[in-house]
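This report refers to the structure that appears directly beneath it.
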Number of protein chains: 2
Amino acid sequence: MLDQEIRRTAKSALLPIALERASEEPLHRQLYEQLRETILTGRLQAGARLPATRTLARDHRISRNTVTAAFDQLLAEGYIEGRVGAGTFVSSELPEEALSVRGMGRNPASGEAPVVQSAPRQRGLSRRGAQLAGLRRRRNRQSLAFAPGVPDLNSFPFEIWTRLMARAWRRPPMDLMANTEPAGYMPLRRAIADYVRTARGVRCEIEQVIIVSGAQQAIGLAAHVLLDEGDRAIVEDPGYPGIRGALMAAGVQAVQAPVDSEGLSISIGEEKAPDARFVCVAPSHQYPLGVTMPLSRRLALLEWAQRVDGWIIEDDYDSEYRYSGKPIAALQGLDRDDRVVYVGSFSKTMFPSLRLGYLIVPPDLTDSFRFARAALDDHPSTVAQPALTAFIEDGYFAAHLRRMRKLYADRQALLVGEADAHFGGALTIAPAQAGMHLLARQTPALTVRMDDITATRRAEEAGISVSPLSSFFHEYPAQQGLMLGYAAVSEKEIPKSVQKLAQALGI
Amino acid sequence: MLDQEIRRTAKSALLPIALERASEEPLHRQLYEQLRETILTGRLQAGARLPATRTLARDHRISRNTVTAAFDQLLAEGYIEGRVGAGTFVSSELPEEALSVRGMGRNPASGEAPVVQSAPRQRGLSRRGAQLAGLRRRRNRQSLAFAPGVPDLNSFPFEIWTRLMARAWRRPPMDLMANTEPAGYMPLRRAIADYVRTARGVRCEIEQVIIVSGAQQAIGLAAHVLLDEGDRAIVEDPGYPGIRGALMAAGVQAVQAPVDSEGLSISIGEEKAPDARFVCVAPSHQYPLGVTMPLSRRLALLEWAQRVDGWIIEDDYDSEYRYSGKPIAALQGLDRDDRVVYVGSFSKTMFPSLRLGYLIVPPDLTDSFRFARAALDDHPSTVAQPALTAFIEDGYFAAHLRRMRKLYADRQALLVGEADAHFGGALTIAPAQAGMHLLARQTPALTVRMDDITATRRAEEAGISVSPLSSFFHEYPAQQGLMLGYAAVSEKEIPKSVQKLAQALGI
C-alpha cells in the first residue's frame, strides 16, 4: 500500500501524502503536517531532496500555491531549507522544538523531558507503526529533582501493602486466580465506586466501573467503542501527550482546542471540528497548565455533548491533591444525560508501576465497554486487585492521600519560597492549587537568552530534570516555562536543587 | 458519519453498508457479511424490514443480482425471512449457530461456550464499537468439567509463589516501583530469553523480549506496528478467536485461510490475499484442531514472508504441554531473515489472571515495538514481574511444567479410555500429542440427531461445559465436534463427567 504510494510519486521524492479534500483543515495545512510528519519520523531524512512544488502540485492535483504555502511554513520553522539553483532539502539540523514537541509524557514515573532525536524509518514498519513508534518519550531517572509527575515513593506504606498482598495470596480463592471478568475484580469495582461517589461526587453504580491499566488504555478503549477510524476528537492544546498515542492507535484524528483561563474552549473546538462528537478534557486540573474549569464552562461542555449527541472523556487528573480553593467535584456528577466517560488512575496516588486505573461509563454502555475490553485485552490482572481493594476498604488509601496532601503542600510552599529567592526576575512561580508540579514561567528576559528547550537541556546537564512547557503545545502559540515536579523531592533537596537550577541557567 | 450514512439509505432500512470494489472479495459476499454483521450486532433487530433488492442495488450502485445473491445466502442461513407480499425481514429467531460463531474464546480461564444472544445496538456506539462489543464470549465457570483451556489451578505451588511475591515486595527497590520501561522488567526479559532459547529453540537477545499482558495485546501491538488500517492479514480458519478482536481493533481485515492436516495453508492464503503481508499462525499446536505444522510447511511460510516482504506472527500456543512425538522447536528458530514475531504467554503455564505474556521481535524492530507499546499502553505492571522472574530462575517454572505435563498426560489417557468406553459410535476421540483439550469428533449418526451447538447446550444443561468445534470456523465448512478440556478435571471427576455427558447426549 505504502510502497505503491511511494512508487507513484515523482522520482525525486518518497512522500506518502494523502490529502482529504472533504476535511475542515485547509489543504496547505494538511500538506504541511504530513510533510512534517514524514520528516519527523525519519522517512525523509536530513539532506533528502524534496520534489519541486510544480511536481507535487501535479501529482496530488492541488494548486501550486497550496504547495508553496506548506513549503513556506516548513522553511520558516526550519524543517527544510532551500539551496539556490539546487532545490529544497530537509534541513540537516532539525529544529529542536519540533523534535521535542513529539510525545512529551505526563507519565507519572517517567518524568518529562524533550525528545532529542527523531526515529529513523524501520524496515517494514507501517505508516502507523512509524507514527506510534515516533511518539517516543525519554524516560527520566525517577530520583532526580524536579522530574514532574513522580509521587514520593519513599512515603508509600509498603509494609501495609506487602501484608495485604500476602494476605490476598496466601490462600488464593480459585475464582480469583482464574477471574476473567473483563471489567475487573468486583470487590475493587465496588471500592472504587464508593470512593469516587464520596470523594469526587461521581454518580455511579458498581457495574459502571471498568478496570483498566491506566489512562491511556482507558482513553483508547473509549475511542474504540465510541468512534470509528477517521473520526475526529477534540483535545486540549497544550495537553496530556498520552492521549495522542491512544487516539492515534484508534485511528482517530486529534483536533486541537486552545486552553484558556477557564480550560478547554469547547466553542473553538466545535468551530474547528463541527463533526467531532468526542472531547478529551481534564477539568479538575488541566495538564500542564493547572487550570480548573469553572462551572459555566462545564455546563457549556455538557450542553455541547447533548446538542451534538457527543461524549466527554473526563480525565480527572491530579484531583486527589488539592491544597487550596474549594474542592471541585467531577464534571461527571453534573451530567444528567449520561454523556461523560470518567477516567481515573492509581499511578500517582499509589505508585506508577501498579498499572491500575478505571473508567466510569454511562450505565447503558457498561456491557459494550466490558465486551470491547475483552476483545482488546481480555481482562485485567488480578494479582494486585485484591490488595488494592483492601487498601481502600481498610482506610489506608484515604490516610495515605491525607498524608501526601500535607507533605506535597509543604514541599510546594518550600519550592515557591526558594524559587522566589533564587530565580530573580528570570522565572516566575505562582503557587498551584493542586497537583504535583509548579509552572515556572520564563520572563521575556530569560527567553531572549534561551528558550525553555535549551533551559531544560542546561538543567539536565547540571543534573536537574524539568520539562519545557512549550513542548506540550501542538498548534497554539507555545508558552515558555519549566515544569518543576516537587512531590518526590525531599525538603533537604529542594533548596539545593533550586540553586543548582539557577546556576545552570545563569540566573 | 454513521448517522449520515443511515439517513442516506432508503427509509425502509438503517443499513451502514460500505462495499469495496477494489477488494478481492466478491461484492455479494461483502454485502452478505455486512448485512449479517448488522443483524448480529443488533443494529437490525428481529422483525426489522429490509429494503427491497431494487432499492439496495440502486443506493449502492451494484447489480440487483448481487443483492439477490446476498439475500439468498442470508435466507438459506436463517438470518432473514421472506413474507409473501410483505417483503424481507430479519428473522424473529436467529440461527443459533450464527450467534455462537461469534467470538468464541480460547481464553484460558473462560472456557469456551457458544454465545446465546446478540448485542442490541447501543446508543452512540460507533460501528467499530458495536463490532468489538459484539465479539462477546460467555465466560464459563472454571470448575466445570470439561471447560477447555483451563489449567489445574489446584496444582499450582502457591506457597512458593506467595513467598516469592512477598520477597519481591518486602523491601521494594524504588526503580522497580517506578519502573516504566515499556518493554518490561529487564530481569524477567532475561529469564524469558533464556527459557525460549533453551526450551523452544528461539534465537534472540534479551532486548528482543517485550512484555505484554497476553496474546491479544501481543498480536494487537504487532498489527499496529506492522500494518496500517485497512490492510489485510491472513488468519487460520478455524482459529483462536482472540486474534479477531486484536485485528479488528487495529482496523485490519482478517482473511481466512484453511487449516489442513499440515496446518495453515499459506498458498491458499496468498491466493486469496496477494496483498497480505502479515499472517497469524500457531505452528506448534494449532487451535482448535491440534495440528502440528511439519517442516516443509514451515519453510513455505518463511519463503512466503521473505518473498512478499511480510511478517509471520507465531503464536506458540500450548507448546509447553507436549506428551508424545518429537518436541518441535519454534518456527522462529528456523527464520534466517528476521520475519517472525514470536508470541508466548504464561496464562496456561502459570495461571490465567496473572496476565503476563511476551513478544520476541526481530532485532531491528525492538525500539519500534518498545515505543509503540509505550504509546498504546505505557508499560507493564511490575507487581508480579519480579516474582515471576524468581519463579523461572529458581527452577520452579520448569519443575511445575514437568509435573503438569505428567498430570495432564495421565488425565488425557484416562479421558480417552473413558470416552472410548461410553461414547460408543457417537463421538470419536483420538489422543492428542499436546495441549489441554481433546477433540471429540461427532459421527454423522450423532450429527443427524443434533449438531455440536445443540450438543453443547444439552451438555451445559447437565452441568458439563464443552465447546462446539463448529463455532471456531468462519468461512470454511465447519467440522462437527466437541472440545473437551481435561487439564483441570481430577481423576475422580473424569469418569463421572464422561457418563454425565453421554447421558446428556443420549449416547
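Ordered as shown in the C-alpha cells, chains take letters A, B, and onward, while each chain numbers its residues from 1 and ligands are numbered from 1 in the order shown.
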Backbone DSSP call of strand (DSSP E) for region 308-454 of chain A, listed as a VMD selection string: chain A and resid 311 to 315 340 to 345 357 to 360 427 to 429 437 to 442
Could you save the residues just selected, with N, CA, C and O atoms, as a compact mmCIF listing (two decimals), in the first residue's frame?
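Below you can see result.txt, which holds the result:
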# COMPACT_ATOMS: atom_id res chain seq x y z
N TRP A 311 -19.71 12.83 23.34
CA TRP A 311 -19.17 12.23 24.55
C TRP A 311 -18.07 13.10 25.13
O TRP A 311 -17.23 13.61 24.40
N ILE A 312 -18.04 13.18 26.43
CA ILE A 312 -16.96 13.89 27.12
C ILE A 312 -16.13 12.85 27.88
O ILE A 312 -16.64 12.13 28.73
N ILE A 313 -14.85 12.78 27.55
CA ILE A 313 -13.95 11.89 28.28
C ILE A 313 -13.28 12.75 29.34
O ILE A 313 -12.43 13.59 29.02
N GLU A 314 -13.67 12.56 30.58
CA GLU A 314 -13.17 13.39 31.67
C GLU A 314 -11.98 12.71 32.34
O GLU A 314 -12.15 11.72 33.05
N ASP A 315 -10.80 13.25 32.09
CA ASP A 315 -9.60 12.73 32.76
C ASP A 315 -9.48 13.49 34.08
O ASP A 315 -9.11 14.65 34.10
N VAL A 340 -20.86 11.56 29.98
CA VAL A 340 -19.47 11.63 30.44
C VAL A 340 -18.90 10.24 30.70
O VAL A 340 -19.54 9.40 31.33
N VAL A 341 -17.72 10.00 30.17
CA VAL A 341 -16.94 8.82 30.50
C VAL A 341 -15.79 9.31 31.38
O VAL A 341 -14.97 10.12 30.96
N TYR A 342 -15.79 8.84 32.63
CA TYR A 342 -14.86 9.35 33.63
C TYR A 342 -13.62 8.44 33.70
O TYR A 342 -13.76 7.21 33.71
N VAL A 343 -12.45 9.05 33.76
CA VAL A 343 -11.19 8.29 33.79
C VAL A 343 -10.40 8.60 35.05
O VAL A 343 -10.14 9.77 35.34
N GLY A 344 -10.04 7.59 35.80
CA GLY A 344 -9.20 7.77 36.99
C GLY A 344 -8.05 6.78 36.99
O GLY A 344 -8.07 5.80 36.25
N SER A 345 -7.05 7.03 37.81
CA SER A 345 -5.86 6.18 37.82
C SER A 345 -5.24 6.15 39.21
O SER A 345 -5.37 7.09 39.97
N GLY A 357 -6.04 1.47 36.65
CA GLY A 357 -6.87 2.65 36.51
C GLY A 357 -8.29 2.21 36.26
O GLY A 357 -8.59 1.01 36.32
N TYR A 358 -9.18 3.16 35.99
CA TYR A 358 -10.58 2.77 35.80
C TYR A 358 -11.33 3.78 34.97
O TYR A 358 -10.94 4.95 34.87
N LEU A 359 -12.38 3.29 34.38
CA LEU A 359 -13.37 4.10 33.69
C LEU A 359 -14.66 4.01 34.47
O LEU A 359 -14.99 2.95 35.02
N ILE A 360 -15.41 5.12 34.53
CA ILE A 360 -16.80 5.05 34.95
C ILE A 360 -17.62 5.39 33.71
O ILE A 360 -17.54 6.52 33.22
N LEU A 427 12.44 33.63 36.21
CA LEU A 427 11.34 32.66 36.22
C LEU A 427 10.34 33.10 37.27
O LEU A 427 10.72 33.41 38.40
N THR A 428 9.06 33.13 36.92
CA THR A 428 8.06 33.47 37.93
C THR A 428 7.21 32.25 38.25
O THR A 428 6.70 31.57 37.36
N ILE A 429 7.12 32.00 39.53
CA ILE A 429 6.37 30.84 40.00
C ILE A 429 5.20 31.32 40.83
O ILE A 429 5.37 32.12 41.75
N HIS A 437 3.17 19.46 40.41
CA HIS A 437 4.23 20.27 39.80
C HIS A 437 3.85 21.75 39.82
O HIS A 437 2.69 22.11 39.96
N LEU A 438 4.85 22.58 39.69
CA LEU A 438 4.65 24.02 39.55
C LEU A 438 5.10 24.44 38.16
O LEU A 438 5.98 23.82 37.58
N LEU A 439 4.48 25.50 37.67
CA LEU A 439 4.92 26.07 36.41
C LEU A 439 5.81 27.27 36.72
O LEU A 439 5.39 28.21 37.38
N ALA A 440 7.04 27.19 36.26
CA ALA A 440 7.94 28.34 36.37
C ALA A 440 7.95 29.01 35.01
O ALA A 440 8.58 28.52 34.07
N ARG A 441 7.22 30.10 34.90
CA ARG A 441 7.11 30.75 33.59
C ARG A 441 8.33 31.61 33.32
O ARG A 441 8.79 32.34 34.20
N GLN A 442 8.84 31.49 32.12
CA GLN A 442 10.03 32.26 31.78
C GLN A 442 9.64 33.71 31.51
O GLN A 442 8.67 33.97 30.81
C-alpha RMSD, in-order pairing, chain B superimposed onto chain A: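 Here the C-alpha RMSD works out to 0.2 Å.
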Within 7 Å of chain B: residues of chain A, using only C-alpha atoms, as an MDAnalysis selection string: chainID A and resid 109:110 122 124:129 132:133 135:136 153 159 162 166 169:170 174 177:180 216:217 224:228 242 245:246 249 351:355 365 368:369 371:372 375:377 381:384
Restrict the selected residues to N, CA and C atoms and save them as a compact mmCIF listing (two decimals), in the first residue's frame.
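Resulting contents of result02.txt:
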# COMPACT_ATOMS: atom_id res chain seq x y z
N ALA A 109 5.72 8.26 36.08
CA ALA A 109 7.00 7.77 36.54
C ALA A 109 8.14 8.21 35.66
N SER A 110 7.83 8.57 34.46
CA SER A 110 8.94 8.82 33.55
C SER A 110 9.48 10.23 33.73
N GLN A 122 11.93 2.36 10.05
CA GLN A 122 12.41 1.00 10.19
C GLN A 122 11.95 0.15 9.02
N GLY A 124 10.08 -2.31 7.08
CA GLY A 124 8.80 -2.99 7.21
C GLY A 124 7.77 -2.32 8.08
N LEU A 125 8.11 -1.30 8.81
CA LEU A 125 7.12 -0.64 9.64
C LEU A 125 6.02 -0.04 8.78
N SER A 126 4.80 -0.13 9.28
CA SER A 126 3.71 0.55 8.58
C SER A 126 3.82 2.04 8.87
N ARG A 127 3.03 2.80 8.12
CA ARG A 127 2.97 4.24 8.36
C ARG A 127 2.53 4.50 9.80
N ARG A 128 1.48 3.78 10.22
CA ARG A 128 1.00 3.92 11.59
C ARG A 128 2.07 3.50 12.60
N GLY A 129 2.75 2.39 12.28
CA GLY A 129 3.78 1.91 13.19
C GLY A 129 4.87 2.94 13.38
N LEU A 132 3.45 5.72 15.60
CA LEU A 132 3.35 5.32 17.01
C LEU A 132 4.74 5.23 17.63
N ALA A 133 5.64 4.59 16.92
CA ALA A 133 7.00 4.45 17.45
C ALA A 133 7.67 5.81 17.55
N LEU A 135 6.30 8.45 18.61
CA LEU A 135 5.85 9.15 19.81
C LEU A 135 6.73 8.81 21.00
N ARG A 136 7.99 8.76 20.78
CA ARG A 136 8.86 8.30 21.86
C ARG A 136 9.08 9.41 22.89
N LEU A 153 7.69 7.99 46.45
CA LEU A 153 7.59 6.56 46.71
C LEU A 153 8.13 6.18 48.08
N GLU A 159 4.97 -1.70 54.05
CA GLU A 159 4.74 -2.81 54.97
C GLU A 159 3.28 -3.22 54.87
N THR A 162 2.56 -4.83 51.40
CA THR A 162 3.10 -6.18 51.31
C THR A 162 2.25 -7.15 52.13
N ALA A 166 0.25 -10.29 50.61
CA ALA A 166 0.48 -11.65 51.11
C ALA A 166 -0.83 -12.26 51.60
N TRP A 169 -2.88 -13.48 48.76
CA TRP A 169 -2.34 -14.61 48.00
C TRP A 169 -1.99 -15.83 48.85
N ARG A 170 -2.20 -15.71 50.18
CA ARG A 170 -1.82 -16.85 51.00
C ARG A 170 -2.67 -18.05 50.65
N MET A 174 -9.82 -19.88 44.13
CA MET A 174 -9.68 -20.28 42.74
C MET A 174 -10.34 -19.26 41.80
N MET A 177 -7.91 -16.45 40.98
CA MET A 177 -6.81 -16.81 40.09
C MET A 177 -7.25 -16.97 38.66
N ALA A 178 -8.48 -17.36 38.52
CA ALA A 178 -8.98 -17.60 37.17
C ALA A 178 -10.06 -16.59 36.84
N ASN A 179 -10.10 -15.52 37.59
CA ASN A 179 -11.09 -14.47 37.34
C ASN A 179 -10.83 -13.84 35.98
N THR A 180 -11.78 -13.94 35.11
CA THR A 180 -11.57 -13.38 33.78
C THR A 180 -12.64 -12.35 33.44
N GLN A 216 -4.18 5.78 29.50
CA GLN A 216 -4.05 5.56 28.06
C GLN A 216 -4.98 4.45 27.57
N GLN A 217 -4.99 3.33 28.31
CA GLN A 217 -5.89 2.25 27.90
C GLN A 217 -7.34 2.70 28.03
N HIS A 224 -12.18 3.45 20.90
CA HIS A 224 -12.56 2.30 20.09
C HIS A 224 -14.07 2.03 20.15
N VAL A 225 -14.64 2.23 21.31
CA VAL A 225 -16.06 1.91 21.48
C VAL A 225 -16.95 2.99 20.87
N LEU A 226 -16.51 4.24 20.97
CA LEU A 226 -17.41 5.35 20.61
C LEU A 226 -17.08 6.00 19.28
N LEU A 227 -15.91 5.74 18.75
CA LEU A 227 -15.51 6.37 17.49
C LEU A 227 -15.10 5.34 16.46
N ASP A 228 -15.23 5.74 15.21
CA ASP A 228 -14.71 4.92 14.12
C ASP A 228 -13.40 5.52 13.61
N GLY A 242 -0.15 11.49 26.48
CA GLY A 242 -0.58 10.09 26.40
C GLY A 242 -1.84 9.92 25.58
N GLY A 245 -1.16 9.07 21.67
CA GLY A 245 -0.92 7.69 21.26
C GLY A 245 -2.20 6.89 21.26
N ALA A 246 -3.01 7.09 22.30
CA ALA A 246 -4.27 6.33 22.40
C ALA A 246 -5.18 6.63 21.22
N ALA A 249 -3.60 5.26 17.87
CA ALA A 249 -3.77 3.82 17.75
C ALA A 249 -5.20 3.47 17.36
N PHE A 351 1.36 3.89 43.24
CA PHE A 351 2.70 4.01 42.65
C PHE A 351 2.59 3.67 41.16
N PRO A 352 3.50 4.23 40.36
CA PRO A 352 3.33 4.17 38.90
C PRO A 352 3.27 2.75 38.33
N SER A 353 4.10 1.86 38.84
CA SER A 353 4.18 0.55 38.18
C SER A 353 3.06 -0.39 38.61
N LEU A 354 2.12 0.10 39.43
CA LEU A 354 0.95 -0.71 39.78
C LEU A 354 0.10 -0.97 38.54
N ARG A 355 -0.01 0.07 37.69
CA ARG A 355 -0.75 -0.03 36.43
C ARG A 355 -2.19 -0.45 36.62
N LEU A 365 -23.93 1.81 28.60
CA LEU A 365 -22.78 1.39 27.81
C LEU A 365 -21.91 0.36 28.53
N SER A 368 -21.20 -2.85 26.63
CA SER A 368 -20.40 -2.60 25.42
C SER A 368 -18.92 -2.39 25.79
N PHE A 369 -18.68 -1.63 26.83
CA PHE A 369 -17.30 -1.42 27.26
C PHE A 369 -16.69 -2.74 27.78
N PHE A 371 -17.41 -5.84 26.92
CA PHE A 371 -17.12 -6.78 25.85
C PHE A 371 -16.02 -6.25 24.94
N ALA A 372 -16.01 -4.95 24.70
CA ALA A 372 -14.94 -4.39 23.87
C ALA A 372 -13.60 -4.52 24.59
N ALA A 375 -12.42 -7.90 24.01
CA ALA A 375 -11.92 -8.11 22.65
C ALA A 375 -10.53 -7.50 22.49
N LEU A 376 -10.25 -6.40 23.17
CA LEU A 376 -8.97 -5.71 23.01
C LEU A 376 -7.87 -6.31 23.87
N ASP A 377 -8.18 -6.62 25.13
CA ASP A 377 -7.12 -7.02 26.06
C ASP A 377 -7.66 -7.94 27.15
N SER A 381 -5.26 -8.05 35.12
CA SER A 381 -4.63 -8.99 36.05
C SER A 381 -5.26 -8.84 37.43
N THR A 382 -5.45 -9.96 38.11
CA THR A 382 -5.98 -9.89 39.47
C THR A 382 -4.88 -9.96 40.52
N VAL A 383 -3.64 -9.90 40.09
CA VAL A 383 -2.54 -10.05 41.05
C VAL A 383 -2.62 -8.98 42.14
N ALA A 384 -2.87 -7.75 41.76
CA ALA A 384 -2.86 -6.67 42.76
C ALA A 384 -4.25 -6.17 43.12
10 Å contact set for Arg457 (chain A), only C-alpha atoms, chain neighbours under 4 positions out, as a list of chain:residue names: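 So the residues in contact are A:Ala113, A:Pro114, A:Val116, A:Asp452, A:Ile453, A:Glu461, A:Ala462, A:Gly463, A:Ile464, A:Ser465, A:Val466, A:Ser467, A:Pro468, A:Ala504, A:Leu505.
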Nearby residues (only C-alpha atoms) at most 9 Å from Thr349 (chain B), same-chain spacing under 6 positions excluded, as a list in words: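 Result of the neighbour search: Pro151, Asp318, Glu320, Tyr321, Phe397, His400, Leu401 and Met404 of chain B.
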Interatomic distance, CA of Met293 (chain B) to CA of Ala254 (chain B) (Å, one decimal):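 These atoms are spaced 20.9 Å apart.
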Shell around Ser470 (chain B) at 8 Å using only C-alpha atoms, local window under 5 positions removed, as a count of residues only: 7
Spatial neighbours of region 327-336 of chain B, max dist 8 Å, only C-alpha atoms, sep filter under 5 positions, as a ChimeraX atom specification: /B:199-203,283-284,298,302,314,316,322,341-342
d(CA of Asp338 (chain A), CA of Ala434 (chain A)) in Å: 27.3 Å
Point-to-point distance from CA of Ser155 (chain A) to CA of Ala487 (chain A), Å rounded to tenths: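 If I compute the distance from CA of Ser155 (chain A) to CA of Ala487 (chain A), I get 10.4 Å.
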Contacts of Glu33 (chain B) within 12 Å, only C-alpha atoms, excl. fewer than 2 positions in-chain, as a PyMOL selection string: chain B and resi 16-19+25-31+35-41+67+69-71+73-74+79+98+474-475
Keeping N, CA and C atoms for every residue in the selection just given, could you write it to a file as a PDB file, in the first residue's frame?
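Listing of part.pdb after writing:
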ATOM      1  N   PRO B  16     -25.793   0.489   7.373  1.00  0.00           N
ATOM      2  CA  PRO B  16     -24.473   1.078   7.098  1.00  0.00           C
ATOM      3  C   PRO B  16     -23.636   0.107   6.281  1.00  0.00           C
ATOM      4  N   ILE B  17     -23.750   0.212   4.990  1.00  0.00           N
ATOM      5  CA  ILE B  17     -23.044  -0.708   4.093  1.00  0.00           C
ATOM      6  C   ILE B  17     -21.926   0.050   3.394  1.00  0.00           C
ATOM      7  N   ALA B  18     -20.743  -0.526   3.402  1.00  0.00           N
ATOM      8  CA  ALA B  18     -19.624   0.094   2.678  1.00  0.00           C
ATOM      9  C   ALA B  18     -18.936  -0.985   1.869  1.00  0.00           C
ATOM     10  N   LEU B  19     -19.204  -0.994   0.578  1.00  0.00           N
ATOM     11  CA  LEU B  19     -18.641  -2.032  -0.286  1.00  0.00           C
ATOM     12  C   LEU B  19     -17.345  -1.549  -0.909  1.00  0.00           C
ATOM     13  N   GLU B  25     -12.667  -9.736  -2.395  1.00  0.00           N
ATOM     14  CA  GLU B  25     -13.881 -10.438  -2.019  1.00  0.00           C
ATOM     15  C   GLU B  25     -15.026  -9.988  -2.922  1.00  0.00           C
ATOM     16  N   PRO B  26     -15.791 -10.938  -3.458  1.00  0.00           N
ATOM     17  CA  PRO B  26     -16.898 -10.560  -4.345  1.00  0.00           C
ATOM     18  C   PRO B  26     -17.874  -9.639  -3.614  1.00  0.00           C
ATOM     19  N   LEU B  27     -18.543  -8.773  -4.367  1.00  0.00           N
ATOM     20  CA  LEU B  27     -19.453  -7.804  -3.769  1.00  0.00           C
ATOM     21  C   LEU B  27     -20.600  -8.479  -3.027  1.00  0.00           C
ATOM     22  N   HIS B  28     -21.127  -9.581  -3.591  1.00  0.00           N
ATOM     23  CA  HIS B  28     -22.265 -10.214  -2.924  1.00  0.00           C
ATOM     24  C   HIS B  28     -21.851 -10.778  -1.583  1.00  0.00           C
ATOM     25  N   ARG B  29     -20.582 -11.254  -1.498  1.00  0.00           N
ATOM     26  CA  ARG B  29     -20.068 -11.781  -0.236  1.00  0.00           C
ATOM     27  C   ARG B  29     -19.896 -10.624   0.771  1.00  0.00           C
ATOM     28  N   GLN B  30     -19.373  -9.509   0.300  1.00  0.00           N
ATOM     29  CA  GLN B  30     -19.229  -8.345   1.170  1.00  0.00           C
ATOM     30  C   GLN B  30     -20.584  -7.894   1.705  1.00  0.00           C
ATOM     31  N   LEU B  31     -21.562  -7.839   0.796  1.00  0.00           N
ATOM     32  CA  LEU B  31     -22.887  -7.392   1.200  1.00  0.00           C
ATOM     33  C   LEU B  31     -23.487  -8.363   2.205  1.00  0.00           C
ATOM     34  N   LEU B  35     -24.436  -7.278   5.997  1.00  0.00           N
ATOM     35  CA  LEU B  35     -25.817  -7.398   6.472  1.00  0.00           C
ATOM     36  C   LEU B  35     -25.872  -8.329   7.689  1.00  0.00           C
ATOM     37  N   ARG B  36     -25.124  -9.423   7.586  1.00  0.00           N
ATOM     38  CA  ARG B  36     -25.095 -10.388   8.675  1.00  0.00           C
ATOM     39  C   ARG B  36     -24.572  -9.716   9.960  1.00  0.00           C
ATOM     40  N   GLU B  37     -23.513  -8.956   9.792  1.00  0.00           N
ATOM     41  CA  GLU B  37     -22.921  -8.244  10.939  1.00  0.00           C
ATOM     42  C   GLU B  37     -23.955  -7.281  11.542  1.00  0.00           C
ATOM     43  N   THR B  38     -24.655  -6.584  10.657  1.00  0.00           N
ATOM     44  CA  THR B  38     -25.647  -5.613  11.105  1.00  0.00           C
ATOM     45  C   THR B  38     -26.740  -6.310  11.919  1.00  0.00           C
ATOM     46  N   ILE B  39     -27.109  -7.501  11.480  1.00  0.00           N
ATOM     47  CA  ILE B  39     -28.127  -8.266  12.202  1.00  0.00           C
ATOM     48  C   ILE B  39     -27.566  -8.774  13.524  1.00  0.00           C
ATOM     49  N   LEU B  40     -26.348  -9.316  13.467  1.00  0.00           N
ATOM     50  CA  LEU B  40     -25.783  -9.928  14.662  1.00  0.00           C
ATOM     51  C   LEU B  40     -25.471  -8.905  15.736  1.00  0.00           C
ATOM     52  N   THR B  41     -25.108  -7.710  15.342  1.00  0.00           N
ATOM     53  CA  THR B  41     -24.816  -6.705  16.359  1.00  0.00           C
ATOM     54  C   THR B  41     -26.097  -6.047  16.839  1.00  0.00           C
ATOM     55  N   VAL B  67     -27.329  -8.242  -5.050  1.00  0.00           N
ATOM     56  CA  VAL B  67     -28.152  -8.149  -3.842  1.00  0.00           C
ATOM     57  C   VAL B  67     -28.911  -9.456  -3.624  1.00  0.00           C
ATOM     58  N   ALA B  69     -28.138 -12.419  -4.570  1.00  0.00           N
ATOM     59  CA  ALA B  69     -27.237 -13.488  -4.121  1.00  0.00           C
ATOM     60  C   ALA B  69     -26.983 -13.376  -2.618  1.00  0.00           C
ATOM     61  N   ALA B  70     -26.765 -12.156  -2.144  1.00  0.00           N
ATOM     62  CA  ALA B  70     -26.523 -11.955  -0.712  1.00  0.00           C
ATOM     63  C   ALA B  70     -27.774 -12.329   0.092  1.00  0.00           C
ATOM     64  N   PHE B  71     -28.938 -11.877  -0.400  1.00  0.00           N
ATOM     65  CA  PHE B  71     -30.193 -12.187   0.303  1.00  0.00           C
ATOM     66  C   PHE B  71     -30.449 -13.694   0.356  1.00  0.00           C
ATOM     67  N   GLN B  73     -28.334 -16.085   0.408  1.00  0.00           N
ATOM     68  CA  GLN B  73     -27.500 -16.747   1.406  1.00  0.00           C
ATOM     69  C   GLN B  73     -28.022 -16.481   2.824  1.00  0.00           C
ATOM     70  N   LEU B  74     -28.432 -15.244   3.066  1.00  0.00           N
ATOM     71  CA  LEU B  74     -28.970 -14.901   4.387  1.00  0.00           C
ATOM     72  C   LEU B  74     -30.261 -15.675   4.657  1.00  0.00           C
ATOM     73  N   TYR B  79     -31.034 -16.017   8.589  1.00  0.00           N
ATOM     74  CA  TYR B  79     -30.922 -14.677   9.174  1.00  0.00           C
ATOM     75  C   TYR B  79     -32.118 -13.807   8.819  1.00  0.00           C
ATOM     76  N   ALA B  98     -25.196 -19.214  14.050  1.00  0.00           N
ATOM     77  CA  ALA B  98     -24.695 -17.904  13.672  1.00  0.00           C
ATOM     78  C   ALA B  98     -24.305 -17.116  14.919  1.00  0.00           C
ATOM     79  N   HIS B 474     -15.067 -19.867  10.440  1.00  0.00           N
ATOM     80  CA  HIS B 474     -15.673 -18.635   9.961  1.00  0.00           C
ATOM     81  C   HIS B 474     -16.192 -18.767   8.545  1.00  0.00           C
ATOM     82  N   GLU B 475     -15.410 -19.427   7.698  1.00  0.00           N
ATOM     83  CA  GLU B 475     -15.722 -19.388   6.279  1.00  0.00           C
ATOM     84  C   GLU B 475     -15.699 -20.792   5.681  1.00  0.00           C
TER      85      GLU B 475
END
